[in-house]
Structures are given as C-alpha cells and as structure tokens.
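Here is my_file32.cif, consisting of mmCIF, C-alpha atoms:
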```cif
data_query
#
loop_
_atom_site.label_atom_id
_atom_site.label_comp_id
_atom_site.auth_asym_id
_atom_site.auth_seq_id
_atom_site.Cartn_x
_atom_site.Cartn_y
_atom_site.Cartn_z
CA MET A 10 113.84 101.40 146.87
CA ALA A 11 114.68 102.73 143.42
CA TYR A 12 117.83 101.60 141.65
CA PRO A 13 119.40 104.41 139.61
CA HIS A 14 121.20 103.57 136.44
CA PRO A 15 123.06 105.54 133.80
CA PRO A 16 120.64 107.09 131.30
CA HIS A 17 120.31 105.22 128.02
CA ARG A 18 117.71 105.75 125.39
CA ARG A 19 116.93 102.04 124.98
CA LEU A 20 117.24 100.78 128.53
CA PRO A 21 113.99 99.33 129.95
CA THR A 22 112.81 100.44 133.38
CA PRO A 23 111.22 97.45 135.14
CA VAL A 24 108.88 97.94 138.09
CA HIS A 25 109.52 95.95 141.28
CA LEU A 26 106.74 94.62 143.52
CA VAL A 27 106.70 92.79 146.83
CA GLY A 28 103.78 90.73 148.09
CA HIS A 29 101.89 87.59 147.18
CA SER A 30 99.09 86.04 145.16
CA LEU A 31 97.55 82.94 146.78
CA THR A 32 94.72 80.82 145.36
CA VAL A 33 92.89 78.44 147.70
CA ASP A 34 90.22 75.81 147.00
CA THR A 35 87.43 76.74 149.44
CA THR A 36 86.04 73.20 149.38
CA THR A 37 89.19 71.36 150.44
CA GLY A 38 91.25 74.23 151.86
CA ARG A 39 94.11 73.17 149.59
CA LEU A 40 96.52 75.79 148.29
CA VAL A 41 96.08 75.54 144.52
CA HIS A 42 98.60 78.16 143.42
CA SER A 43 101.01 80.59 145.02
CA LEU A 44 103.21 83.40 143.76
CA THR A 45 105.28 85.36 146.25
CA SER A 46 108.01 87.93 145.91
CA ALA A 47 110.13 85.96 148.40
CA GLU A 48 110.49 83.23 145.78
CA GLN A 49 111.77 85.66 143.16
CA PRO A 50 115.38 86.77 142.56
CA HIS A 51 116.39 89.51 145.00
CA GLY A 52 113.08 89.04 146.85
CA ARG A 53 110.91 91.06 144.49
CA LEU A 54 108.69 90.45 141.47
CA THR A 55 109.78 92.35 138.37
CA ILE A 56 107.19 93.41 135.81
CA ALA A 57 107.23 95.58 132.69
CA CYS A 58 106.67 99.29 133.22
CA GLY A 59 104.15 99.58 130.38
CA ASN A 60 105.36 103.05 129.35
CA ARG A 61 104.58 103.75 125.69
CA ARG A 62 107.38 106.33 125.21
CA GLN A 63 110.40 105.27 123.18
CA SER A 64 112.52 107.63 125.26
CA ARG A 65 111.50 105.92 128.49
CA CYS A 66 111.34 102.19 127.70
CA ALA A 67 112.05 100.77 124.26
CA PRO A 68 110.63 97.24 124.85
CA CYS A 69 107.28 98.47 126.18
CA ALA A 70 107.13 101.14 123.48
CA ARG A 71 107.72 98.54 120.78
CA LEU A 72 104.87 96.41 122.17
CA HIS A 73 102.53 99.41 122.28
CA GLN A 74 103.53 100.35 118.75
CA GLY A 75 102.59 96.87 117.55
CA ASP A 76 99.22 97.06 119.30
CA THR A 77 98.52 100.45 117.71
CA TYR A 78 99.34 99.03 114.30
CA GLN A 79 96.80 96.24 114.85
CA VAL A 80 94.15 98.67 116.08
CA VAL A 81 94.54 100.84 112.97
CA VAL A 82 95.04 98.19 110.29
CA SER A 83 92.12 96.05 111.50
CA GLY A 84 89.84 99.06 110.96
CA LEU A 85 91.08 99.29 107.38
CA ALA A 86 91.63 95.70 106.24
CA GLY A 87 89.52 93.72 108.71
CA GLY A 88 90.51 91.16 111.30
CA LYS A 89 90.49 91.24 115.11
CA SER A 90 86.66 90.91 115.13
CA VAL A 91 86.29 93.46 112.29
CA PRO A 92 84.73 92.01 109.07
CA ASP A 93 86.89 92.05 105.94
CA ALA A 94 84.05 93.89 104.16
CA VAL A 95 85.22 97.08 105.89
CA ARG A 96 87.77 97.42 103.09
CA ASP A 97 84.94 98.44 100.75
CA HIS A 98 83.92 101.40 102.92
CA PRO A 99 85.02 104.91 101.88
CA ARG A 100 88.07 105.90 103.96
CA VAL A 101 90.70 108.62 103.83
CA PHE A 102 93.90 109.63 105.58
CA VAL A 103 93.72 113.23 106.78
CA THR A 104 96.29 115.63 108.25
CA PHE A 105 94.82 118.47 110.30
CA THR A 106 97.37 121.23 110.90
CA ALA A 107 97.63 124.03 113.43
CA PRO A 108 97.09 127.67 112.42
CA SER A 109 99.94 130.13 112.11
CA PHE A 110 101.13 131.94 115.24
CA GLY A 111 103.91 133.82 113.45
CA ARG A 112 106.56 133.23 110.81
CA VAL A 113 109.06 130.47 111.62
CA HIS A 114 112.19 129.11 110.00
CA ARG A 115 111.50 126.20 107.64
CA HIS A 116 113.24 123.28 105.99
CA THR A 117 112.28 123.08 102.32
CA ASN A 118 113.44 120.48 99.83
CA ASP A 119 113.80 122.81 96.87
CA GLY A 120 114.04 126.38 98.14
CA ILE A 121 115.25 128.82 100.74
CA CYS A 122 113.66 129.22 104.15
CA ARG A 123 111.59 132.41 103.66
CA LEU A 124 111.23 134.42 100.47
CA ALA A 125 110.15 138.05 100.42
CA ARG A 126 106.52 138.54 99.52
CA ARG A 127 105.68 141.14 96.91
CA GLY A 128 104.49 144.34 98.56
CA ASP A 129 105.43 143.18 102.08
CA ALA A 130 107.90 144.97 104.33
CA LEU A 131 111.25 143.27 104.78
CA ALA A 132 111.24 143.83 108.55
CA CYS A 133 108.63 143.43 111.29
CA THR A 134 107.55 146.17 113.70
CA HIS A 135 110.40 145.13 116.01
CA GLY A 136 113.00 145.73 113.31
CA ARG A 137 113.77 142.06 112.65
CA PRO A 138 113.82 140.64 109.09
CA VAL A 139 110.77 138.66 107.98
CA VAL A 140 112.77 136.83 105.30
CA CYS A 141 115.49 134.22 105.63
CA PRO A 142 117.73 133.38 102.65
CA GLU A 143 119.22 130.27 104.29
CA ARG A 144 118.67 126.64 103.28
CA HIS A 145 118.10 124.83 106.56
CA ALA A 146 118.83 121.13 106.96
CA ALA A 147 116.00 119.00 108.29
CA ASP A 148 117.75 118.60 111.64
CA ASP A 149 118.73 122.26 111.99
CA PRO A 150 117.69 123.37 115.54
CA LEU A 151 116.63 126.70 114.03
CA VAL A 152 113.79 125.03 112.08
CA GLY A 153 110.47 125.78 113.77
CA SER A 154 111.72 128.77 115.74
CA PRO A 155 110.16 132.20 114.99
CA LEU A 156 111.89 134.80 112.85
CA CYS A 157 110.83 137.33 115.49
CA PRO A 158 110.09 135.94 118.98
CA ASP A 159 108.34 139.20 119.92
CA CYS A 160 105.89 138.84 117.03
CA TYR A 161 105.17 135.17 117.75
CA ASP A 162 101.86 134.62 119.58
CA TYR A 163 103.10 132.29 122.33
CA PRO A 164 99.89 132.36 124.44
CA ALA A 165 97.80 131.35 121.43
CA ALA A 166 100.27 128.58 120.52
CA VAL A 167 100.09 127.12 124.03
CA LEU A 168 96.31 127.40 124.27
CA TRP A 169 95.96 125.79 120.83
CA ASN A 170 97.73 122.71 122.19
CA ALA A 171 95.62 122.76 125.35
CA TYR A 172 92.32 123.02 123.47
CA THR A 173 92.96 120.59 120.61
CA ARG A 174 90.85 117.99 122.43
CA ASP A 175 87.87 120.38 122.45
CA LEU A 176 88.49 121.36 118.85
CA TRP A 177 88.51 117.71 117.78
CA GLN A 178 85.20 117.08 119.56
CA ARG A 179 83.67 120.03 117.75
CA LEU A 180 85.05 118.75 114.46
CA HIS A 181 83.49 115.32 114.99
CA ARG A 182 80.14 116.92 115.80
CA ASN A 183 80.42 119.19 112.76
CA LEU A 184 80.96 116.18 110.51
CA TYR A 185 77.38 115.07 111.12
CA GLU A 186 76.06 118.61 110.79
CA SER A 187 77.83 119.03 107.45
CA LEU A 188 76.67 115.61 106.30
CA ALA A 189 73.07 116.37 107.25
CA SER A 190 73.22 119.76 105.53
CA SER A 191 74.53 118.29 102.29
CA ARG A 192 71.80 115.63 102.26
CA GLY A 193 68.94 117.86 103.40
CA MET A 194 68.22 115.85 106.55
CA SER A 195 68.41 116.40 110.29
CA ARG A 196 71.58 115.59 112.23
CA THR A 197 69.71 112.85 114.10
CA ALA A 198 68.65 111.28 110.82
CA ALA A 199 72.21 111.50 109.54
CA ARG A 200 73.54 109.69 112.62
CA GLN A 201 70.90 106.99 112.20
CA THR A 202 71.90 106.45 108.57
CA VAL A 203 75.69 106.68 108.51
CA ARG A 204 78.49 106.63 111.08
CA VAL A 205 81.83 108.41 110.86
CA ALA A 206 84.55 106.26 112.45
CA TYR A 207 88.11 107.41 113.02
CA ALA A 208 91.50 106.63 114.52
CA LYS A 209 93.98 109.45 115.05
CA VAL A 210 97.41 110.26 116.40
CA ALA A 211 98.79 113.60 117.59
CA GLU A 212 102.20 114.77 116.39
CA TYR A 213 104.29 117.79 117.33
CA GLN A 214 105.45 120.01 114.52
CA ARG A 215 108.91 121.50 114.85
CA ARG A 216 107.37 124.79 115.96
CA GLY A 217 105.84 122.95 118.93
CA SER A 218 102.23 122.92 117.76
CA ILE A 219 100.10 119.78 117.67
CA HIS A 220 98.60 118.50 114.45
CA PHE A 221 96.59 115.33 113.88
CA HIS A 222 96.91 112.42 111.44
CA ALA A 223 93.57 110.62 111.21
CA VAL A 224 92.00 107.69 109.41
CA THR A 225 88.34 108.53 108.76
CA ARG A 226 85.78 106.05 107.46
CA PHE A 227 82.09 105.93 106.53
CA ASP A 228 80.11 103.04 108.10
CA GLY A 229 76.48 102.09 108.17
CA PRO A 230 74.56 102.62 111.44
CA GLY A 231 75.60 99.16 112.63
CA GLY A 232 79.34 99.90 112.58
CA PRO A 233 82.18 98.38 110.54
CA GLY A 234 80.16 95.30 109.64
CA ASP A 235 77.39 97.42 108.14
CA PRO A 236 78.04 99.05 104.73
CA PRO A 237 77.15 102.74 104.42
CA PRO A 238 74.31 103.79 102.09
CA ALA A 239 75.17 104.09 98.41
CA TRP A 240 75.12 107.89 98.54
CA ALA A 241 77.85 107.93 101.24
CA THR A 242 80.67 108.00 98.73
CA LEU A 243 84.37 108.77 99.00
CA ALA A 244 83.77 112.16 97.38
CA LEU A 245 81.11 112.98 99.97
CA LEU A 246 83.44 111.95 102.81
CA ILE A 247 86.14 114.31 101.52
CA GLN A 248 83.66 117.15 101.04
CA THR A 249 82.20 116.60 104.52
CA ILE A 250 85.62 116.75 106.18
CA ARG A 251 86.57 119.96 104.36
CA THR A 252 83.29 121.68 105.23
CA ALA A 253 83.30 120.54 108.86
CA THR A 254 86.93 121.61 109.39
CA ARG A 255 86.26 125.14 108.09
CA ARG A 256 83.39 125.54 110.55
CA VAL A 257 85.36 124.62 113.69
CA HIS A 258 86.16 127.60 115.92
CA LEU A 259 86.65 128.15 119.63
CA ALA A 260 86.74 131.37 121.65
CA VAL A 261 89.08 131.12 124.64
CA PRO A 262 88.93 133.28 127.80
CA GLY A 263 91.77 135.77 127.93
CA LEU A 264 92.70 135.28 124.27
CA ASP A 265 91.75 137.67 121.49
CA THR A 266 92.39 135.09 118.78
CA ILE A 267 89.68 132.58 117.77
CA LEU A 268 91.22 129.10 117.63
CA ARG A 269 90.73 127.20 114.37
CA PHE A 270 92.43 124.44 112.45
CA GLY A 271 95.13 125.50 109.99
CA ALA A 272 94.37 126.33 106.38
CA GLN A 273 96.46 123.36 105.16
CA LEU A 274 94.23 120.27 105.09
CA ASP A 275 95.63 117.19 103.37
CA ILE A 276 93.06 114.49 102.51
CA ARG A 277 94.17 111.37 100.67
CA PRO A 278 92.09 108.27 99.80
CA ILE A 279 93.33 104.98 101.24
CA LEU A 280 93.71 102.25 98.64
CA THR A 281 92.83 98.58 99.10
CA GLY A 282 95.64 96.05 99.30
CA ASN A 283 99.39 96.50 99.37
CA GLY A 284 99.72 98.57 96.18
CA SER A 285 103.03 100.05 95.09
CA ASP A 286 105.57 101.80 97.27
CA ASP A 287 104.10 105.20 96.32
CA ASP A 288 100.49 104.26 97.10
CA LEU A 289 98.78 105.17 100.34
CA ASN A 290 97.62 101.68 101.26
CA GLU A 291 96.21 100.22 104.45
CA ARG A 292 99.43 98.90 105.93
CA ALA A 293 101.39 102.04 105.09
CA VAL A 294 98.85 104.18 106.94
CA ALA A 295 98.81 101.87 109.96
CA SER A 296 102.62 101.84 110.11
CA TYR A 297 102.74 105.63 109.87
CA ILE A 298 100.34 106.14 112.77
CA ALA A 299 101.96 103.41 114.90
CA LYS A 300 105.38 105.04 114.43
CA TYR A 301 104.25 108.30 116.00
CA VAL A 302 102.35 106.84 118.93
CA THR A 303 105.57 105.85 120.74
CA LYS A 304 107.60 108.92 119.73
CA PRO A 305 105.55 111.88 120.97
CA ASP A 306 108.62 113.67 122.24
CA VAL A 307 110.52 115.85 119.76
CA ALA A 308 114.19 116.38 120.52
CA GLY A 309 114.73 119.93 121.72
CA ILE A 310 111.00 120.69 121.77
CA THR A 311 109.36 118.57 124.49
CA VAL A 312 110.56 116.55 127.47
CA ASP A 313 109.21 113.21 128.66
CA ARG A 314 108.63 114.04 132.34
CA PRO A 315 106.48 116.64 134.11
CA ILE A 316 108.08 119.86 135.36
CA HIS A 317 107.61 120.60 139.05
CA ASP A 318 109.06 124.09 139.45
CA ALA A 319 109.83 127.15 137.33
CA ILE A 320 113.57 126.99 138.07
CA THR A 321 113.87 123.68 136.21
CA ILE A 322 112.72 125.29 132.97
CA SER A 323 115.97 127.24 132.58
CA VAL A 324 118.10 124.07 132.48
CA LEU A 325 115.93 121.85 130.26
CA PRO A 326 117.67 120.45 127.14
CA VAL A 327 115.36 122.29 124.73
CA THR A 328 115.61 125.14 122.23
CA ASP A 329 115.03 128.76 123.25
CA HIS A 330 111.71 128.65 121.38
CA ALA A 331 110.54 125.56 123.29
CA ARG A 332 111.73 127.07 126.57
CA THR A 333 109.56 130.13 125.91
CA LEU A 334 106.57 127.88 125.16
CA ILE A 335 107.13 126.00 128.42
CA ARG A 336 107.47 129.25 130.39
CA THR A 337 104.27 130.49 128.77
CA CYS A 338 102.52 127.31 129.94
CA TRP A 339 103.80 127.92 133.45
CA THR A 340 102.70 131.57 133.43
CA LEU A 341 99.23 130.93 131.99
CA GLY A 342 98.80 128.01 134.37
CA GLY A 343 98.88 130.45 137.27
CA ARG A 344 95.94 132.48 135.95
CA ALA A 345 92.42 131.83 137.17
CA GLU A 346 90.82 131.76 133.70
CA HIS A 347 93.07 128.86 132.66
CA LYS A 348 93.02 126.88 135.92
CA ALA A 349 90.90 124.06 134.47
CA LEU A 350 93.54 123.39 131.80
CA ASN A 351 96.16 122.41 134.40
CA LEU A 352 98.83 123.92 132.16
CA ARG A 353 101.67 123.57 134.65
CA ARG A 354 101.03 119.84 134.84
CA TRP A 355 101.33 119.67 131.05
CA ALA A 356 104.07 122.25 130.52
CA HIS A 357 106.53 119.52 129.49
CA GLN A 358 104.13 118.74 126.61
CA LEU A 359 103.72 122.43 125.72
CA GLY A 360 100.18 122.44 127.07
CA TYR A 361 98.88 119.39 125.19
CA ARG A 362 96.79 117.31 127.59
CA GLY A 363 95.10 114.77 125.31
CA HIS A 364 95.93 111.21 124.36
CA ILE A 365 98.60 110.73 121.73
CA ALA A 366 96.37 108.15 120.00
CA SER A 367 92.61 107.68 120.18
CA LYS A 368 89.76 106.24 118.14
CA SER A 369 85.99 106.25 117.93
CA ARG A 370 84.23 103.47 119.82
CA ALA A 371 83.30 101.31 116.84
CA TYR A 372 86.38 101.87 114.68
CA SER A 373 88.07 98.52 115.40
CA THR A 374 89.41 96.35 118.20
CA THR A 375 90.73 97.74 121.51
CA TYR A 376 94.04 97.70 123.34
CA ALA A 377 92.38 95.71 126.15
CA ALA A 378 91.26 93.01 123.72
CA LEU A 379 94.76 92.76 122.23
CA ARG A 380 96.34 92.46 125.69
CA ALA A 381 93.86 89.75 126.67
CA ALA A 382 94.57 87.80 123.48
CA ARG A 383 98.31 88.10 124.06
CA GLU A 384 97.97 86.83 127.62
CA GLN A 385 95.87 83.87 126.46
CA HIS A 386 98.43 83.08 123.76
CA ARG A 387 101.18 83.17 126.37
CA ARG A 388 99.29 80.70 128.56
CA ASP A 389 98.60 78.38 125.63
CA HIS A 390 102.19 78.57 124.42
CA ASN A 391 103.53 77.71 127.86
CA ASP A 392 100.89 74.99 128.25
CA GLN A 393 99.74 76.61 131.50
CA GLU A 394 96.00 76.41 131.88
CA ASP A 395 94.93 78.82 134.55
CA MET A 396 92.90 76.16 136.37
CA HIS A 397 93.19 77.80 139.77
CA ASP A 398 91.45 80.97 138.57
CA ASP A 399 88.64 79.15 136.78
CA ALA A 400 87.99 76.37 139.27
CA ALA A 401 84.64 76.55 141.02
CA GLY A 402 84.97 77.53 144.66
CA ALA A 403 88.54 78.87 144.31
CA ILE A 404 89.37 82.28 145.71
CA THR A 405 92.54 84.33 145.20
CA ASP A 406 94.10 86.73 147.66
CA LYS A 407 96.37 89.28 146.00
CA HIS A 408 98.46 91.83 147.82
CA TRP A 409 101.29 93.61 146.04
CA THR A 410 103.20 96.77 146.97
CA TYR A 411 105.40 98.98 144.82
CA ALA A 412 109.06 98.53 145.73
CA GLY A 413 111.00 100.62 143.22
CA THR A 414 111.85 101.07 139.57
CA GLY A 415 114.88 100.46 137.38
CA HIS A 416 118.06 98.41 137.50
CA THR A 417 121.07 98.26 139.72
CA ALA A 418 124.29 99.37 138.01
CA GLY A 419 125.25 95.76 137.29
CA GLN A 420 121.82 94.84 135.95
CA ALA A 421 121.83 97.93 133.74
CA MET A 422 125.01 96.74 132.03
CA PHE A 423 123.49 93.35 131.18
CA ALA A 424 120.14 94.88 130.16
CA ASP A 425 121.91 97.30 127.84
CA ALA A 426 123.84 94.47 126.18
CA ILE A 427 120.63 92.45 125.71
CA ALA A 428 118.93 95.50 124.19
CA ASP A 429 121.80 95.90 121.72
CA ASP A 430 121.58 92.22 120.71
CA LEU A 431 117.80 92.42 120.21
CA GLN A 432 118.08 95.55 118.11
CA ALA A 433 120.81 93.98 115.97
CA ALA A 434 118.59 90.92 115.41
CA ARG A 435 115.64 93.13 114.40
CA ASP A 436 117.80 95.15 112.01
CA ALA A 437 119.09 91.94 110.40
CA ALA A 438 115.54 90.61 110.03
CA ARG A 439 114.38 93.86 108.48
CA GLU A 440 117.20 93.88 105.95
CA ALA A 441 116.40 90.27 105.06
CA GLY A 442 112.75 91.15 104.57
CA GLY A 443 111.58 88.99 107.43
CA GLY A 444 110.73 91.66 110.00
CA PRO A 445 108.64 94.80 110.39
#
```
Just give me the structure as structure tokens.
Amino acid sequence: MAYPHPPHRRLPTPVHLVGHSLTVDTTTGRLVHSLTSAEQPHGRLTIACGNRRQSRCAPCARLHQGDTYQVVVSGLAGGKSVPDAVRDHPRVFVTFTAPSFGRVHRHTNDGICRLARRGDALACTHGRPVVCPERHAADDPLVGSPLCPDCYDYPAAVLWNAYTRDLWQRLHRNLYESLASSRGMSRTAARQTVRVAYAKVAEYQRRGSIHFHAVTRFDGPGGPGDPPPAWATLALLIQTIRTATRRVHLAVPGLDTILRFGAQLDIRPILTGNGSDDDLNERAVASYIAKYVTKPDVAGITVDRPIHDAITISVLPVTDHARTLIRTCWTLGGRAEHKALNLRRWAHQLGYRGHIASKSRAYSTTYAALRAAREQHRRDHNDQEDMHDDAAGAITDKHWTYAGTGHTAGQAMFADAIADDLQAARDAAREAGGGP
C-alpha cells in the first residue's frame, strides 16, 4: 500500500518492496546469503526512489546532480577513464535558444520591458499594446507571458518543444557537413578525421520554450584520448557550430512555420584550470549544467507529474500562459498528424519529450559506471566482500514485488527533520568553504 504524507519540497519518497534474495552454494546446498523483507522493519525493504527531480526527492536529486557534474567535468578536465590530455582539445560552452513565437514580457537589468520600435505600430491587430513600460522583477509571474495571447503562436511553441530532439539530431549531423565543407572533404572523411563530442542539458525559458546548454569538443577519431588534427582549432569549432546551426530547419505537418533554432547563439570558449570567478572554466561549466539537470520544472510553467485528463488542466498551479500551452498540447495530441509525438503524455512538460541531459557516446564516463563505482566503494567501505555472488557454483534467486511508496505520517515527520539537519550541515560546510 502507499503511505500518503503531507507535501514537502525536500521530503524523500522511498519505495517499498516485499520478497527475498537467496544465494545458495550448488555444491554443498548451503545457504550462503539471504535477504528477506520479513527481516526488515515493518516487513518491507525500503530503497531509494531514484527520481532525479528536486521537486520530487531531494536526496536522489542531489546524488544525480553529483553524477552529472562528474560526467561533464571528466569530459573537460579528465578523470573517470578520460585522459587528462582532453584539456588541450578545443571546447566551447554553447547556448542554443528557441525562436520567437510572439512578443513576451521580459526582465531586464538596465531597462524597461518592451520599448517601442521606430516605425512600428504601438498596437497589434487585436488592439493590444506591443510595448510595455514596466520594469519587471526577475520573479514577476508576468515575465515570459505574451503581450498579446492571440498573436502568440502557441501551436508552434508546443511543437518546437516536441521536435527539439529531432532538431538536435539534425544539428549534430550538420556539424560534420559544415566541417567537411569548410575543409573541402567529404562528410565521411571528416568523420574519420575528427569527432565532435558533446554533453548538453535542456532548460525551460520563462516563456515555456526549451533551449539547450551544451559543451562541445573536438576530438581525434579515437575519442577523448586522441588529439584532433592541428587544423581543428577553437576558431574552426566556433565557425562550424554557427554555420551548422543556421542550416537546421524542420517542416512539421499541420504547421505553416518552419522550425529553426533562435537567432541568439552564445558560444564561449572554456578555459583550462580554475581561473578567476569571472572566467568560464571547466568546473564552472560542469556545475552550471549539473544544477539544471535536477531542476527541470519551472515554478508556474511546468508540473512534475503527467496529466491524465483535460479537466485537471484548469486547476494546475501554473500561469495562464502555461495553462494555454498545456491545453494546446492536449488539443494537438488528439490530432492524427501529431499522434506519434504523444503530446498528451508530455503535456505537463509543455510537449518536451527528450532527456533533460544527454551526451555523445565518447564524451566521457557514464552514469552506469559511476553507480557501479559507488556500489563498489560502499562494499569496500563496509568491508563486505560480495563473496556469495562471485563464488563458483553459487546461484541467487531474487523475487521482489512493489509494495508502495512514501512515508507514514509519523515517518514523514522524522524524515523532514533529518532533511532539515542535513541541509543545515551542507549550508554550514558551503559557508566554511568545505562543501560544494
């Protein structure tokens, strides 16, 4: 059964299992090791939920954030089976934005929201102003919402989110085409000479559109341990990304607009070492990407659980703009030409159906390798050699069944207090300079 508890943004949600894991020596018939739920408190085995979302489970999200940091930083500074020589490869930090779907309210550090453009009308065709003289705070709920909802292209905004995965694949393919064109060689020859490795994270803008932050790197054909040819310079990497991004386009059924990346493309070289506080160094980039991988949900814009019926949309704790995006997902999801996108399944994410973080195969280590290393460290630390699994002739019978999620009301109180103590300890360590 499930054990409901009062909602709390930091409260973990453990998963309960019932069953057993028995290891027997086939030679002697002796029971080498046993683990049963009957031996556990309350008759069930409790394990971590493994959810990466900060809004769902802070402890698991923190662990996933740390793993993401290691995945990214090892591809920049070496380590975790990646040679240190990778630091000498050309690499940049790139932000790929979404195109405009209509004017929205903005937060600006040194100006008003929307100034009048010379020669432009002051009102749209629906009679609403296209300027806004206000100075919005960063947390103003109005930021990201359209000046005229009737002018805003909601179908295109939703389908942009849904097709970002396809657009990224086209971009990666175009990188080699642009590289080959600039060097006067075939795309096959380009792939056999240089590799473009990347790690990226998706982030929601306040208007509800996905954009990508990506680390992109030149390697030789052998991967991170193989230096790229001398002509594969940092300047060529930047030029290749700009050219390839401009060439990406996608025609979508039922949509008059051709989907492209936004005109704003920020490319910044990544420096070696720690550098100063203002430098874009390896650890700063890895921390930036790791921060977003556990916080994909934007308050008032997305929700962290799927939506199962249209009635629920009207009571979601989101802005009117986000509610319209979600309703558009639901409407388009019922049309035959968009059936493959499964938009209703992803309406809570405004149509986005890709991974929050991903990387090319040879960029660096993997999450699986990090989990395996952590498990081995745990066994070594506890001085528990897993002899029953490695012994010749030993077999293990495992049978576990899901038995619920969450805490009882009493357990929730203690778990919440523990979470507060852990957070206070982390904050103290951070202030003392001894923690991340």
- [ ] Tell me which protein, DNA and RNA residues are within 12 Å of A:Ala86, counting only C-alpha atoms, leaving out same-chain ones fewer than 6 positions away, and put them as number ranges by chain.
- [x] A: 78-80, 92-98, 100, 226, 233-234, 279-283, 290-295, 372-373
Compile a residue-level contact table for stretch 83-154 of chain A against stretch 255-271 of chain A at a cut-off of 6 Å, reporting for every qualifying residue the shortest atom pair and its distance in Å to one decimal, with all atoms listed in the file counted, rows ordered by chain and ascending number, as a tab-separated table.
```
residue	atom	partner	partner_atom	distance
A:Thr106	CA	A:Gly271	CA	4.9
A:Ala107	CA	A:Gly271	CA	4.5
A:Pro108	CA	A:Gly271	CA	3.8
```
- [ ] Measure the distance from atom CA of A:His135 to atom CA of A:Arg112 in Å and round it to one decimal.
- [x]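 Distance reported for this atom pair: 13.5 Å.
With distances restricted to all atoms listed in the file, A:Thr337 is the closest residue to A:Trp355 from A:Ser367, A:Ser109, A:Thr337, A:Gln74.
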Radius query 8 Å about (72.7, 119.4, 115.4), atoms used: only C-alpha atoms, as a short mmCIF file (atom, residue, chain, number, x, y, z; two decimals) with C-alpha atoms, in the frame of the given file:
```cif
data_model
loop_
_atom_site.label_atom_id
_atom_site.label_comp_id
_atom_site.auth_asym_id
_atom_site.auth_seq_id
_atom_site.Cartn_x
_atom_site.Cartn_y
_atom_site.Cartn_z
CA ARG A 182 80.14 116.92 115.80
CA TYR A 185 77.38 115.07 111.12
CA GLU A 186 76.06 118.61 110.79
CA SER A 195 68.41 116.40 110.29
CA ARG A 196 71.58 115.59 112.23
CA THR A 197 69.71 112.85 114.10
#
```
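Here atom CA of A:Thr311 is placed at a distance of 10.8 Å from atom CA of A:Gln214.
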- [ ] For the structure shown, which residues end up in the PyMOL selection byres ((chain A and resi 146-161) around 6)? Put them as number ranges by chain, please?
- [x] A: 110-116, 145, 162-163, 215-216, 330
Open item on the list: Taking the file as I've supplied it (selection: the PyMOL selection byres ((chain A and resi 232) around 9)), which residues are included? Please answer as a ChimeraX atom specification.
Closed with: /A:203-204,206,227-231,233-237,371-372
Task: Contacts of A:Val312 at 10 Å (all atoms listed in the file; same-chain gap of 2+ positions) as a PyMOL selection string - done: chain A and resi 64+305-310+314-316+325-327+331+356-359
Mind filling out stretch 186-202 of chain A with N, CA and C atoms and sending it as a short mmCIF file (atom, residue, chain, number, x, y, z; two decimals), in the coordinates of the input?
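See selection24.cif below for the written result:
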```cif
data_model
loop_
_atom_site.label_atom_id
_atom_site.label_comp_id
_atom_site.auth_asym_id
_atom_site.auth_seq_id
_atom_site.Cartn_x
_atom_site.Cartn_y
_atom_site.Cartn_z
N GLU A 186 76.82 117.43 111.21
CA GLU A 186 76.06 118.61 110.79
C GLU A 186 76.28 118.89 109.31
N SER A 187 77.52 118.80 108.85
CA SER A 187 77.83 119.03 107.45
C SER A 187 77.22 117.94 106.57
N LEU A 188 77.26 116.71 107.05
CA LEU A 188 76.67 115.61 106.30
C LEU A 188 75.16 115.79 106.17
N ALA A 189 74.52 116.17 107.27
CA ALA A 189 73.07 116.37 107.25
C ALA A 189 72.70 117.53 106.33
N SER A 190 73.50 118.60 106.37
CA SER A 190 73.22 119.76 105.53
C SER A 190 73.32 119.42 104.05
N SER A 191 74.34 118.64 103.70
CA SER A 191 74.53 118.29 102.29
C SER A 191 73.45 117.36 101.77
N ARG A 192 72.83 116.58 102.66
CA ARG A 192 71.80 115.63 102.26
C ARG A 192 70.38 116.12 102.51
N GLY A 193 70.26 117.32 103.13
CA GLY A 193 68.94 117.86 103.40
C GLY A 193 68.16 117.07 104.43
N MET A 194 68.86 116.61 105.48
CA MET A 194 68.22 115.85 106.55
C MET A 194 68.66 116.41 107.90
N SER A 195 68.03 115.96 108.96
CA SER A 195 68.41 116.40 110.29
C SER A 195 69.68 115.68 110.73
N ARG A 196 70.36 116.23 111.73
CA ARG A 196 71.58 115.59 112.23
C ARG A 196 71.26 114.24 112.85
N THR A 197 70.11 114.13 113.52
CA THR A 197 69.71 112.85 114.10
C THR A 197 69.51 111.80 113.02
N ALA A 198 68.87 112.21 111.93
CA ALA A 198 68.65 111.28 110.82
C ALA A 198 69.98 110.86 110.19
N ALA A 199 70.90 111.82 110.11
CA ALA A 199 72.21 111.50 109.54
C ALA A 199 72.94 110.47 110.40
N ARG A 200 72.89 110.64 111.72
CA ARG A 200 73.54 109.69 112.62
C ARG A 200 72.90 108.31 112.55
N GLN A 201 71.60 108.27 112.28
CA GLN A 201 70.90 106.99 112.20
C GLN A 201 71.11 106.29 110.87
N THR A 202 71.71 107.00 109.92
CA THR A 202 71.90 106.45 108.57
C THR A 202 73.35 106.08 108.30
#
```
